[in-house]
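The data block below is query08.tsv; it holds TSV, C-alpha atoms.
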```
chain	number	residue	atom	x	y	z
A	1484	MET	CA	10.10	26.71	-15.64
A	1485	THR	CA	9.18	26.76	-11.96
A	1486	SER	CA	11.82	28.29	-9.69
A	1487	PRO	CA	11.81	28.22	-5.90
A	1488	ASN	CA	10.82	31.47	-4.24
A	1489	ALA	CA	10.04	32.71	-0.76
A	1490	SER	CA	6.32	33.06	-1.54
A	1491	ASP	CA	6.02	29.29	-1.99
A	1492	PRO	CA	7.89	27.53	0.83
A	1493	ARG	CA	6.56	24.14	-0.27
A	1494	LEU	CA	8.17	24.62	-3.66
A	1495	MET	CA	11.43	25.65	-2.04
A	1496	ALA	CA	11.39	22.51	0.09
A	1497	LEU	CA	10.56	20.41	-2.97
A	1498	HIS	CA	13.59	21.74	-4.87
A	1499	LEU	CA	15.82	21.00	-1.89
A	1500	TRP	CA	14.47	17.46	-1.74
A	1501	LEU	CA	15.02	16.90	-5.45
A	1502	ASP	CA	18.61	18.10	-5.09
A	1503	GLN	CA	19.17	15.29	-2.57
A	1504	GLN	CA	18.02	12.46	-4.86
A	1505	ASP	CA	20.24	9.85	-6.48
A	1506	SER	CA	22.41	11.52	-9.11
A	1507	ALA	CA	21.93	8.46	-11.33
A	1508	LEU	CA	18.36	9.65	-11.93
A	1509	GLY	CA	19.74	12.70	-13.72
A	1510	LEU	CA	17.02	15.02	-12.41
A	1511	GLN	CA	16.91	18.44	-14.03
A	1512	ALA	CA	15.27	20.36	-11.21
A	1513	ASP	CA	15.24	23.60	-13.21
A	1514	SER	CA	12.87	21.92	-15.72
A	1515	LEU	CA	10.12	21.55	-13.11
A	1516	VAL	CA	6.75	22.68	-14.51
A	1517	PRO	CA	3.21	22.33	-13.10
A	1518	VAL	CA	1.16	19.51	-14.58
A	1519	SER	CA	-2.11	20.09	-12.79
A	1520	GLY	CA	-3.71	21.04	-9.55
A	1521	ASP	CA	-6.25	18.91	-7.78
A	1522	ALA	CA	-9.59	19.18	-6.06
A	1523	SER	CA	-7.55	18.58	-2.89
A	1524	PHE	CA	-4.32	20.18	-1.65
A	1525	ARG	CA	-2.09	18.01	-3.87
A	1526	ARG	CA	-0.03	19.45	-6.72
A	1527	TYR	CA	1.78	17.66	-9.53
A	1528	PHE	CA	4.86	18.69	-11.50
A	1529	ARG	CA	6.77	17.22	-14.42
A	1530	LEU	CA	10.53	17.41	-14.72
A	1531	GLN	CA	13.11	16.03	-17.09
A	1532	ALA	CA	15.44	13.23	-16.05
A	1533	ALA	CA	18.15	11.07	-17.60
A	1534	LYS	CA	15.70	8.50	-18.98
A	1535	GLY	CA	12.80	10.80	-19.73
A	1536	PRO	CA	10.23	12.87	-17.85
A	1537	LEU	CA	9.11	12.07	-14.32
A	1538	ILE	CA	6.27	13.30	-12.11
A	1539	VAL	CA	6.62	14.88	-8.68
A	1540	MET	CA	3.71	14.85	-6.24
A	1541	ASP	CA	3.50	17.54	-3.58
A	1542	ALA	CA	1.03	16.38	-0.90
A	1543	PRO	CA	1.39	18.77	2.02
A	1544	PRO	CA	0.87	17.36	5.51
A	1545	PRO	CA	-1.36	17.50	7.49
A	1546	HIS	CA	-3.87	18.01	4.67
A	1547	GLU	CA	-2.67	15.01	2.65
A	1548	ASP	CA	-1.07	11.66	3.47
A	1549	CYS	CA	1.27	9.96	1.02
A	1550	THR	CA	1.03	6.66	2.87
A	1551	SER	CA	-2.33	5.74	1.36
A	1552	PHE	CA	-1.04	6.49	-2.16
A	1553	VAL	CA	2.08	4.35	-1.66
A	1554	GLU	CA	0.08	1.46	-0.22
A	1555	ALA	CA	-2.62	1.58	-2.90
A	1556	ALA	CA	0.02	1.73	-5.65
A	1557	ALA	CA	1.58	-1.47	-4.32
A	1558	ARG	CA	-1.79	-3.25	-4.24
A	1559	LEU	CA	-2.67	-2.21	-7.78
A	1560	ALA	CA	0.76	-3.04	-9.19
A	1561	ALA	CA	0.56	-6.48	-7.57
A	1562	GLY	CA	-2.79	-6.92	-9.31
A	1563	GLY	CA	-1.26	-6.26	-12.72
A	1564	LEU	CA	-2.56	-2.70	-13.19
A	1565	ARG	CA	-0.57	0.11	-14.82
A	1566	VAL	CA	0.22	2.58	-12.06
A	1567	PRO	CA	3.18	4.91	-11.44
A	1568	ASP	CA	6.36	3.41	-10.00
A	1569	ILE	CA	7.57	5.24	-6.89
A	1570	LEU	CA	11.22	6.13	-7.46
A	1571	ALA	CA	11.75	8.18	-4.31
A	1572	GLN	CA	9.61	9.22	-1.38
A	1573	ASP	CA	9.56	11.43	1.68
A	1574	GLN	CA	6.26	10.65	3.34
A	1575	THR	CA	7.04	12.85	6.33
A	1576	HIS	CA	7.17	15.97	4.16
A	1577	GLY	CA	4.74	14.75	1.50
A	1578	PHE	CA	6.95	14.38	-1.57
A	1579	LEU	CA	6.91	11.52	-4.09
A	1580	LEU	CA	8.91	11.05	-7.30
A	1581	LEU	CA	6.95	8.96	-9.79
A	1582	THR	CA	7.28	7.55	-13.27
A	1583	ASP	CA	5.34	9.51	-15.87
A	1584	MET	CA	2.19	7.72	-17.06
A	1585	GLY	CA	1.81	9.92	-20.12
A	1586	ARG	CA	0.62	13.36	-21.10
A	1587	GLN	CA	-3.05	12.76	-21.85
A	1588	THR	CA	-5.84	11.68	-19.54
A	1589	PHE	CA	-9.09	10.29	-20.91
A	1590	PHE	CA	-10.67	13.65	-20.07
A	1591	GLN	CA	-8.04	15.54	-22.05
A	1592	ALA	CA	-8.57	13.19	-24.99
A	1593	ILE	CA	-12.29	13.97	-24.85
A	1594	GLN	CA	-11.54	17.69	-24.75
A	1595	ALA	CA	-9.31	17.18	-27.80
A	1596	GLY	CA	-12.19	15.68	-29.74
A	1597	ALA	CA	-12.55	11.98	-28.84
A	1598	THR	CA	-16.21	10.92	-28.90
A	1599	GLN	CA	-18.18	7.78	-28.15
A	1600	ASP	CA	-18.55	7.27	-31.90
A	1601	ASP	CA	-14.79	6.88	-32.45
A	1602	ALA	CA	-13.69	3.26	-32.82
A	1603	THR	CA	-10.35	3.96	-31.12
A	1604	TRP	CA	-12.04	5.67	-28.20
A	1605	GLN	CA	-14.33	2.68	-27.77
A	1606	GLN	CA	-11.24	0.49	-27.51
A	1607	HIS	CA	-9.78	2.72	-24.79
A	1608	MET	CA	-13.03	2.60	-22.81
A	1609	ARG	CA	-13.27	-1.16	-23.17
A	1610	GLY	CA	-9.69	-1.40	-21.92
A	1611	ALA	CA	-10.76	0.65	-18.89
A	1612	LEU	CA	-13.64	-1.77	-18.25
A	1613	ARG	CA	-11.29	-4.75	-18.35
A	1614	ALA	CA	-8.85	-2.93	-16.06
A	1615	LEU	CA	-11.69	-2.26	-13.63
A	1616	VAL	CA	-12.42	-5.97	-13.37
A	1617	ARG	CA	-8.77	-6.59	-12.57
A	1618	LEU	CA	-8.74	-3.73	-10.05
A	1619	GLN	CA	-11.70	-5.27	-8.22
A	1620	HIS	CA	-9.66	-8.43	-7.64
A	1621	CYS	CA	-6.90	-6.49	-5.81
A	1622	ASP	CA	-6.07	-7.08	-2.18
A	1623	THR	CA	-8.37	-5.23	0.23
A	1624	ASP	CA	-6.91	-6.36	3.55
A	1625	GLY	CA	-6.74	-3.37	5.88
A	1626	LEU	CA	-8.40	-0.88	3.51
A	1627	PRO	CA	-10.81	1.65	5.05
A	1628	THR	CA	-14.42	0.49	4.77
A	1629	TYR	CA	-16.89	2.49	2.72
A	1630	ASP	CA	-19.64	1.84	5.24
A	1631	ALA	CA	-23.10	3.29	5.83
A	1632	SER	CA	-21.94	6.04	8.17
A	1633	ARG	CA	-19.39	7.27	5.63
A	1634	LEU	CA	-21.88	7.19	2.76
A	1635	LEU	CA	-24.43	9.12	4.82
A	1636	GLN	CA	-21.81	11.66	5.82
A	1637	GLU	CA	-21.02	12.23	2.16
A	1638	LEU	CA	-24.70	12.65	1.31
A	1639	SER	CA	-24.99	15.39	3.95
A	1640	LEU	CA	-22.91	17.59	1.63
A	1641	PHE	CA	-25.87	17.76	-0.76
A	1642	PRO	CA	-28.31	19.70	1.46
A	1643	GLN	CA	-25.54	21.66	3.18
A	1644	TRP	CA	-23.62	22.89	0.15
A	1645	TYR	CA	-25.83	22.39	-2.91
A	1646	LEU	CA	-29.27	23.24	-1.56
A	1647	GLN	CA	-28.41	25.77	1.13
A	1648	ALA	CA	-25.11	27.35	0.12
A	1649	HIS	CA	-25.46	27.17	-3.69
A	1650	LEU	CA	-29.22	27.46	-4.26
A	1651	GLY	CA	-30.06	29.34	-1.08
A	1652	VAL	CA	-32.79	26.83	-0.18
A	1653	THR	CA	-33.06	25.68	3.43
A	1654	PRO	CA	-34.98	22.39	3.60
A	1655	ASP	CA	-38.07	22.53	5.77
A	1656	ALA	CA	-39.03	19.67	8.10
A	1657	ASP	CA	-40.92	17.74	5.40
A	1658	THR	CA	-38.08	18.11	2.90
A	1659	GLN	CA	-35.53	17.04	5.48
A	1660	ALA	CA	-37.62	13.98	6.32
A	1661	MET	CA	-37.85	13.10	2.61
A	1662	LEU	CA	-34.08	13.45	2.25
A	1663	THR	CA	-33.52	11.25	5.28
A	1664	ARG	CA	-35.73	8.53	3.78
A	1665	THR	CA	-34.04	8.86	0.37
A	1666	PHE	CA	-30.56	8.68	1.81
A	1667	ALA	CA	-31.49	5.64	3.90
A	1668	LEU	CA	-32.79	3.87	0.79
A	1669	LEU	CA	-29.61	4.59	-1.17
A	1670	VAL	CA	-27.30	3.53	1.63
A	1671	GLY	CA	-29.41	0.48	2.45
A	1672	GLN	CA	-29.21	-0.76	-1.13
A	1673	THR	CA	-25.47	-0.23	-1.12
A	1674	ALA	CA	-25.12	-2.39	1.98
A	1675	THR	CA	-26.50	-5.39	0.07
A	1676	GLN	CA	-23.74	-5.29	-2.56
A	1677	PRO	CA	-20.57	-7.42	-2.47
A	1678	GLN	CA	-17.52	-5.50	-1.26
A	1679	VAL	CA	-14.40	-5.16	-3.44
A	1680	PHE	CA	-11.45	-2.83	-3.99
A	1681	VAL	CA	-12.91	0.58	-4.92
A	1682	HIS	CA	-10.83	3.37	-6.47
A	1683	ARG	CA	-13.56	5.96	-5.67
A	1684	ASP	CA	-12.75	8.23	-8.63
A	1685	TYR	CA	-12.44	5.78	-11.51
A	1686	HIS	CA	-13.30	8.26	-14.24
A	1687	SER	CA	-11.82	10.21	-17.13
A	1688	PRO	CA	-9.45	12.57	-15.23
A	1689	ASN	CA	-7.76	9.61	-13.51
A	1690	LEU	CA	-7.30	7.28	-16.48
A	1691	MET	CA	-4.34	7.85	-18.77
A	1692	ILE	CA	-4.29	7.19	-22.49
A	1693	GLY	CA	-1.53	4.65	-22.75
A	1694	MET	CA	-1.02	1.34	-24.43
A	1695	GLY	CA	-2.81	0.77	-27.69
A	1696	ALA	CA	-3.66	-2.46	-29.47
A	1697	PRO	CA	-4.37	-5.15	-28.63
A	1698	ASP	CA	-5.36	-4.45	-25.01
A	1699	PHE	CA	-5.63	-0.64	-24.74
A	1700	VAL	CA	-4.62	-0.84	-21.08
A	1701	PRO	CA	-5.02	2.55	-19.36
A	1702	GLY	CA	-2.74	4.04	-16.76
A	1703	ILE	CA	-4.47	4.62	-13.43
A	1704	ILE	CA	-3.70	7.55	-11.12
A	1705	ASP	CA	-5.15	9.37	-8.08
A	1706	PHE	CA	-6.02	6.15	-6.24
A	1707	GLN	CA	-5.00	7.25	-2.74
A	1708	ASP	CA	-8.62	7.24	-1.50
A	1709	ALA	CA	-9.13	3.53	-2.23
A	1710	VAL	CA	-11.55	1.70	0.06
A	1711	LEU	CA	-13.33	-1.59	0.52
A	1712	GLY	CA	-16.74	-0.79	-0.91
A	1713	PRO	CA	-19.69	-1.67	-3.16
A	1714	ILE	CA	-18.91	-3.47	-6.40
A	1715	SER	CA	-20.98	-1.09	-8.54
A	1716	TYR	CA	-19.31	2.12	-7.33
A	1717	ASP	CA	-16.43	2.48	-9.79
A	1718	LEU	CA	-18.56	1.50	-12.77
A	1719	ALA	CA	-21.06	4.21	-11.85
A	1720	SER	CA	-18.14	6.67	-11.66
A	1721	LEU	CA	-16.99	5.71	-15.15
A	1722	VAL	CA	-20.25	5.57	-17.10
A	1723	MET	CA	-21.84	8.58	-15.34
A	1724	ASP	CA	-18.70	10.69	-15.50
A	1725	ALA	CA	-19.11	14.08	-13.84
A	1726	ARG	CA	-16.86	15.73	-16.43
A	1727	THR	CA	-18.26	14.42	-19.69
A	1728	THR	CA	-21.70	13.45	-20.94
A	1729	TRP	CA	-22.39	9.99	-22.33
A	1730	ASP	CA	-25.64	9.03	-23.99
A	1731	GLU	CA	-27.70	6.71	-21.84
A	1732	SER	CA	-27.60	4.03	-24.51
A	1733	GLN	CA	-23.80	4.24	-24.41
A	1734	GLN	CA	-23.80	3.97	-20.64
A	1735	LEU	CA	-25.82	0.78	-20.94
A	1736	ASP	CA	-23.50	-0.65	-23.57
A	1737	TRP	CA	-20.43	-0.15	-21.38
A	1738	ALA	CA	-22.22	-1.39	-18.28
A	1739	ILE	CA	-23.26	-4.61	-20.03
A	1740	ARG	CA	-19.73	-5.16	-21.28
A	1741	TYR	CA	-18.36	-4.67	-17.77
A	1742	TRP	CA	-20.99	-7.04	-16.34
A	1743	GLU	CA	-20.07	-9.72	-18.87
A	1744	HIS	CA	-16.33	-9.34	-18.10
A	1745	ALA	CA	-17.03	-9.41	-14.37
A	1746	ARG	CA	-19.10	-12.60	-14.58
A	1747	THR	CA	-16.43	-14.30	-16.67
A	1748	ALA	CA	-13.77	-13.26	-14.15
A	1749	GLY	CA	-15.77	-14.64	-11.23
A	1750	LEU	CA	-16.68	-11.33	-9.59
A	1751	PRO	CA	-19.89	-11.49	-7.51
A	1752	VAL	CA	-22.17	-9.44	-9.77
A	1753	PRO	CA	-25.86	-10.47	-10.01
A	1754	ALA	CA	-26.73	-13.09	-12.59
A	1755	ASP	CA	-29.52	-10.82	-13.85
A	1756	PHE	CA	-28.25	-7.63	-15.51
A	1757	THR	CA	-31.47	-5.78	-14.65
A	1758	GLU	CA	-30.66	-6.21	-10.96
A	1759	PHE	CA	-27.12	-5.00	-11.52
A	1760	HIS	CA	-28.41	-2.04	-13.53
A	1761	THR	CA	-30.44	-0.96	-10.52
A	1762	GLN	CA	-27.43	-1.39	-8.25
A	1763	TYR	CA	-25.10	0.83	-10.23
A	1764	GLU	CA	-27.76	3.44	-10.99
A	1765	TRP	CA	-28.65	3.82	-7.31
A	1766	MET	CA	-24.95	3.93	-6.53
A	1767	GLY	CA	-24.56	6.59	-9.20
A	1768	LEU	CA	-27.38	8.61	-7.64
A	1769	GLN	CA	-25.66	8.52	-4.25
A	1770	ARG	CA	-22.38	9.55	-5.86
A	1771	ASN	CA	-23.86	12.35	-7.94
A	1772	LEU	CA	-25.81	13.87	-5.05
A	1773	ARG	CA	-22.52	13.90	-3.14
A	1774	ILE	CA	-20.73	15.46	-6.14
A	1775	LEU	CA	-23.29	18.28	-6.34
A	1776	GLY	CA	-22.37	19.13	-2.77
A	1777	ILE	CA	-18.64	18.79	-3.39
A	1778	PHE	CA	-18.63	20.92	-6.54
A	1779	ALA	CA	-20.67	23.63	-4.81
A	1780	ARG	CA	-18.25	23.56	-1.85
A	1781	LEU	CA	-15.21	23.76	-4.13
A	1782	ALA	CA	-16.71	26.80	-5.85
A	1783	LEU	CA	-17.96	28.64	-2.78
A	1784	ARG	CA	-15.51	27.71	-0.04
A	1785	ASP	CA	-12.34	26.97	-2.00
A	1786	ALA	CA	-12.66	29.65	-4.73
A	1787	LYS	CA	-12.69	27.14	-7.60
A	1788	PRO	CA	-15.69	28.36	-9.64
A	1789	GLN	CA	-14.78	26.14	-12.62
A	1790	TYR	CA	-16.47	23.23	-10.85
A	1791	LEU	CA	-19.84	24.93	-11.32
A	1792	ASP	CA	-19.49	24.24	-15.06
A	1793	HIS	CA	-20.04	20.53	-14.38
A	1794	ILE	CA	-23.16	20.89	-12.24
A	1795	PRO	CA	-25.71	20.79	-15.10
A	1796	ARG	CA	-24.24	17.47	-16.26
A	1797	VAL	CA	-24.31	15.97	-12.78
A	1798	ARG	CA	-27.90	17.17	-12.34
A	1799	ALA	CA	-28.81	15.47	-15.61
A	1800	TYR	CA	-27.43	12.19	-14.26
A	1801	VAL	CA	-29.46	12.68	-11.08
A	1802	ASN	CA	-32.58	13.23	-13.17
A	1803	GLN	CA	-31.84	10.19	-15.29
A	1804	VAL	CA	-31.98	7.90	-12.28
A	1805	ALA	CA	-34.52	9.70	-10.10
A	1806	SER	CA	-37.07	9.85	-12.93
A	1807	ARG	CA	-36.87	6.08	-13.48
A	1808	TYR	CA	-37.66	4.96	-9.92
A	1809	GLN	CA	-40.88	6.16	-8.33
A	1810	VAL	CA	-39.36	6.11	-4.87
A	1811	PHE	CA	-37.09	9.01	-5.91
A	1812	HIS	CA	-39.80	11.16	-7.49
A	1813	PRO	CA	-40.16	13.30	-4.33
A	1814	LEU	CA	-36.45	14.08	-4.54
A	1815	LEU	CA	-36.85	15.01	-8.19
A	1816	ARG	CA	-39.84	17.26	-7.50
A	1817	MET	CA	-37.98	19.00	-4.70
A	1818	LEU	CA	-35.00	19.67	-6.97
A	1819	GLU	CA	-37.18	20.87	-9.84
A	1820	HIS	CA	-38.97	23.24	-7.49
A	1821	ALA	CA	-35.67	24.52	-6.07
A	1822	GLU	CA	-34.13	25.04	-9.49
A	1823	ASN	CA	-37.28	25.53	-11.58
A	1824	ALA	CA	-35.88	22.77	-13.84
A	1825	PRO	CA	-37.90	20.67	-16.32
A	1826	THR	CA	-38.37	16.94	-15.96
A	1827	ARG	CA	-36.25	14.68	-18.22
A	1828	ASP	CA	-37.09	11.19	-19.37
A	1829	GLY	CA	-34.89	8.08	-19.18
A	1830	TYR	CA	-34.85	4.47	-20.23
A	1831	SER	CA	-37.27	2.15	-18.41
A	1832	PHE	CA	-36.83	-1.50	-17.49
```
What does the file become when written as structure tokens?
Amino acid sequence: MTSPNASDPRLMALHLWLDQQDSALGLQADSLVPVSGDASFRRYFRLQAAKGPLIVMDAPPPHEDCTSFVEAAARLAAGGLRVPDILAQDQTHGFLLLTDMGRQTFFQAIQAGATQDDATWQQHMRGALRALVRLQHCDTDGLPTYDASRLLQELSLFPQWYLQAHLGVTPDADTQAMLTRTFALLVGQTATQPQVFVHRDYHSPNLMIGMGAPDFVPGIIDFQDAVLGPISYDLASLVMDARTTWDESQQLDWAIRYWEHARTAGLPVPADFTEFHTQYEWMGLQRNLRILGIFARLALRDAKPQYLDHIPRVRAYVNQVASRYQVFHPLLRMLEHAENAPTRDGYSF
């Protein structure tokens, strides 16, 4: 049980807010227990209520803004996706009371033993692919744009936090010039892609095991950073998941299934899968270079060393793509020199 105390004024304020909610909800504030933290400042709690458990989000201003979560939830719900209902809100103080989407994320299911060889797990992943197609049809009017300047800003985390802060390697002039060319290539390719609703973290920690047969529709959470962005972004997040390793052949299988669903649904994916494969792999490389910087920053600046555990996996995804395309070989050589890491092979097209 989590009780309010003077050492946690946010928790004290949260209890006061819960005490003010509609008595018909039957909230049992003394049952409040932490569900999880977050890579950001948000916290989540579960508490019992008259009709079952509910979730409370604590998103402290000015670090977090509930408005984007509330607005994205409405867009996704209107598009037929399974997202939390908002039962009560105080956006000024950063509190939301939400319906409970379940107790197991895709990531937790994987930790509990689900593998890509399990028939039931395959059904859950295929449900996530179908949900992604539906998500990409959602309204984007007024969403922030995931434009070139923002993508380049994200990529700057890689040399700042991964190379310099984590590895202790300061890029010389030639290395910096190579990185500038590489980043321009990645961002330039992204600019050619159709723009759709992008979750930005459509991966195992943010998908909830939910409905089973026949549709295996997942619950979707943590969508407050939604943007208007490249169509391949969320697929790259899913199949090159920073928190679990999928065989490359399995990545391809899921990507082809998504591509087929997207074409059937009228989404503007290329008619040639090979072209789309390049799009989502380059998008994945941009994302994973950014994630290397983010995970290093979380460990070094924010005292969350557990994120270092995922770096070898993310590096493997970087190698997978960089080794396939000659234009990225200088990036790969630089990384291998910095880390003294061996080269890894990947599928060729």
### Query
Mind pulling up the distance from CA of Arg1586 in chain A to CA of Trp1500 in chain A?
24.2 Å
#### Entry: Minimum-distance residue to Arg1525 in chain A, chosen among A:Pro1545, A:Gly1776, A:Pro1788, A:Pro1677 (using only C-alpha atoms)
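Between A:Pro1545, A:Gly1776, A:Pro1788, A:Pro1677, the residue approaching Arg1525 in chain A most closely is A:Pro1545.
Closest approach to Gly1767 in chain A from the set A:Gln1678, A:Thr1575, A:Ser1715, A:Gln1643 is made by A:Ser1715, with distances taken over all atoms listed in the file.
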### Message
At a cut-off of 10 Å, using all atoms listed in the file, what residues contact range 1504-1516 of chain A? Leave out same-chain residues fewer than 3 positions from it and give the result as a PyMOL selection string.
### Response
chain A and resi 1484-1487+1497-1501+1519+1527-1539+1570-1572+1580
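In this model, the gap between CA of Pro1795 in chain A and CA of Ala1738 in chain A comes to 22.7 Å.
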### Task
Compile the contact shell of Thr1663 in chain A as a PyMOL selection string: residues with an atom at most 12 Å away, counting all atoms listed in the file, same-chain residues fewer than 6 positions apart removed.
chain A and resi 1635-1636+1638-1639+1641-1642+1654+1656-1657+1669-1671+1811+1813-1814
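Nearest-residue note for Arg1807 in chain A: choosing from A:Thr1598, A:Thr1728, A:Gln1503, A:Thr1761, the minimum distance belongs to A:Thr1761, counting all atoms listed in the file.
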### Task
Give me, please, the distance in Å between CA of Thr1675 in chain A and CA of Val1616 in chain A, quoted to one decimal.
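Pair CA of Thr1675 in chain A / CA of Val1616 in chain A returns 19.5 Å.
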### Message
as a list of chain:residue names, please: the residues near Asp1622 in chain A (cut-off 9 Å, only C-alpha atoms, same-chain neighbours under 3 positions excluded).
### Response
A:Arg1558, A:Leu1559, A:Ala1561, A:Gly1562, A:Leu1618, A:Gln1619, A:Gly1625, A:Leu1626, A:Val1679, A:Phe1680
### Task
Between A:Leu1646, A:Leu1612, A:Leu1579, A:Ala1805, single out the one closest to Ile1739 in chain A, counting all atoms listed in the file.
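Distance minimum relative to Ile1739 in chain A lands on A:Leu1612.
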